[in-house]
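Taking it in order: structure first as structure tokens, then the write-up.
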Amino acid sequence: MSSLLKEEMQRVLFRPEGQRLVEFIEIEEPPQGRHFLCVSVLKTKVVQLCIVRCQRSQSSKTESKKSHTKRSSFQDSYMRTEIWSLQDLTLVDGRDPDVDDPCFLMHFDTVRSVTAISCSAKYALVRALVALSDQHCQRSLDLQNFDWAYITPTSFYSNRGDCVVLTQICFYAINLVCLSMCPVPLD
């Protein structure tokens, strides 16, 4: 589902402006509708962060010729509500690394509080920001109050993303189940 959403936002919002959507997470915001914190790269290699609001609007009702039923179709519209440059981001504060807290603070000229929908989404975004800062800003991003084990890759597999890590864990679990089911000779 998220890959379809990413492709739609890329097609509708970012590609027409010459940008490439790198990462996005869903966040909780007070106004109605879904909200996303998106990270994109412009053609000039400038990295932008933006809050995107998604509103679902109902378009005109159409009548099917064959079944004589009325169908309503919904269309999502995307609008940027806030935009920052990664160059202006001075600090990302995870608040407390010992608690599963999806909230974090982004320090620009002002401090922007963000609440992700999950802790894993928060860490996925921070990993992307760290990589993009190293690649495009030629500086390390200042992070505070994060569990570094989830930020920096510790093995070959963790550098490839969460899906590979999850697959590796499942593989180990299956091996343990198979080994536990093997008969032990009683000599």
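Letters A, B, ... mark the chains of the structure tokens in the order given; residue numbers begin at 1 per chain; ligand numbers begin at 1, in order shown.
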
query = So which residues of range 101-144 of chain A fall under helix (DSSP H, G or I) by DSSP, listed as an MDAnalysis selection string?
reply = chainID A and resid 119:137

Could you give me, as JSON lines, every range 69-184 of chain A residue with an atom at most 12 Å from range 39-59 of chain A, plus its closest atom pair and distance in Å to one decimal, counting only C-alpha atoms, rows ordered by chain then number?
{"residue": "A:Arg71", "atom": "CA", "partner": "A:Ser59", "partner_atom": "CA", "distance": 10.2}
{"residue": "A:Ser72", "atom": "CA", "partner": "A:Gln58", "partner_atom": "CA", "distance": 7.0}
{"residue": "A:Ser73", "atom": "CA", "partner": "A:Ser59", "partner_atom": "CA", "distance": 5.8}
{"residue": "A:Phe74", "atom": "CA", "partner": "A:Gln58", "partner_atom": "CA", "distance": 4.5}
{"residue": "A:Gln75", "atom": "CA", "partner": "A:Ser57", "partner_atom": "CA", "distance": 5.4}
{"residue": "A:Asp76", "atom": "CA", "partner": "A:Arg56", "partner_atom": "CA", "distance": 4.4}
{"residue": "A:Ser77", "atom": "CA", "partner": "A:Gln55", "partner_atom": "CA", "distance": 5.3}
{"residue": "A:Tyr78", "atom": "CA", "partner": "A:Cys54", "partner_atom": "CA", "distance": 4.7}
{"residue": "A:Met79", "atom": "CA", "partner": "A:Arg53", "partner_atom": "CA", "distance": 5.3}
{"residue": "A:Arg80", "atom": "CA", "partner": "A:Val52", "partner_atom": "CA", "distance": 4.4}
{"residue": "A:Thr81", "atom": "CA", "partner": "A:Ile51", "partner_atom": "CA", "distance": 5.6}
{"residue": "A:Glu82", "atom": "CA", "partner": "A:Ile51", "partner_atom": "CA", "distance": 5.2}
{"residue": "A:Ile83", "atom": "CA", "partner": "A:Cys50", "partner_atom": "CA", "distance": 4.3}
{"residue": "A:Trp84", "atom": "CA", "partner": "A:Leu49", "partner_atom": "CA", "distance": 5.2}
{"residue": "A:Ser85", "atom": "CA", "partner": "A:Gln48", "partner_atom": "CA", "distance": 4.5}
{"residue": "A:Leu86", "atom": "CA", "partner": "A:Val47", "partner_atom": "CA", "distance": 5.5}
{"residue": "A:Gln87", "atom": "CA", "partner": "A:Val47", "partner_atom": "CA", "distance": 7.6}
{"residue": "A:Asp88", "atom": "CA", "partner": "A:Gln48", "partner_atom": "CA", "distance": 9.6}
{"residue": "A:Leu89", "atom": "CA", "partner": "A:Leu49", "partner_atom": "CA", "distance": 9.4}
{"residue": "A:Met106", "atom": "CA", "partner": "A:Leu49", "partner_atom": "CA", "distance": 10.6}
{"residue": "A:Phe108", "atom": "CA", "partner": "A:Leu49", "partner_atom": "CA", "distance": 11.2}
{"residue": "A:Arg112", "atom": "CA", "partner": "A:Ile51", "partner_atom": "CA", "distance": 11.0}
{"residue": "A:Ser113", "atom": "CA", "partner": "A:Ile51", "partner_atom": "CA", "distance": 11.9}
{"residue": "A:Val114", "atom": "CA", "partner": "A:Ile51", "partner_atom": "CA", "distance": 10.0}
{"residue": "A:Thr115", "atom": "CA", "partner": "A:Ile51", "partner_atom": "CA", "distance": 11.9}
{"residue": "A:Ala116", "atom": "CA", "partner": "A:Ile51", "partner_atom": "CA", "distance": 11.9}
{"residue": "A:Ala124", "atom": "CA", "partner": "A:Val39", "partner_atom": "CA", "distance": 11.5}
{"residue": "A:Leu125", "atom": "CA", "partner": "A:Val39", "partner_atom": "CA", "distance": 8.3}
{"residue": "A:Val126", "atom": "CA", "partner": "A:Val39", "partner_atom": "CA", "distance": 10.4}
{"residue": "A:Arg127", "atom": "CA", "partner": "A:Val39", "partner_atom": "CA", "distance": 11.6}
{"residue": "A:Ala128", "atom": "CA", "partner": "A:Val39", "partner_atom": "CA", "distance": 8.3}
{"residue": "A:Leu129", "atom": "CA", "partner": "A:Val39", "partner_atom": "CA", "distance": 7.9}
{"residue": "A:Val130", "atom": "CA", "partner": "A:Val39", "partner_atom": "CA", "distance": 11.6}
{"residue": "A:Ala131", "atom": "CA", "partner": "A:Val47", "partner_atom": "CA", "distance": 11.2}
{"residue": "A:Leu132", "atom": "CA", "partner": "A:Val47", "partner_atom": "CA", "distance": 7.5}
{"residue": "A:Ser133", "atom": "CA", "partner": "A:Val47", "partner_atom": "CA", "distance": 8.3}
{"residue": "A:Asp134", "atom": "CA", "partner": "A:Val47", "partner_atom": "CA", "distance": 11.3}
{"residue": "A:Gln135", "atom": "CA", "partner": "A:Lys45", "partner_atom": "CA", "distance": 9.6}
{"residue": "A:His136", "atom": "CA", "partner": "A:Lys45", "partner_atom": "CA", "distance": 6.5}
{"residue": "A:Cys137", "atom": "CA", "partner": "A:Val46", "partner_atom": "CA", "distance": 8.2}
{"residue": "A:Gln138", "atom": "CA", "partner": "A:Val46", "partner_atom": "CA", "distance": 11.7}

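Nearest residue to Asp109 in chain A, choosing from A:Ala121, A:Leu91, A:Val165, A:Val22 and counting only C-alpha atoms: A:Leu91.
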
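CA of Thr90 in chain A is found 17.4 Å from CA of Ile151 in chain A.
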
inquiry  = I want to know what sits within 12 Å of Trp148 in chain A, based on only C-alpha atoms, with residues of the same chain fewer than 4 positions away left out; could you give that as a PyMOL selection string?
reply    = chain A and resi 94+97-98+123+126-127+130+143-144+152-154
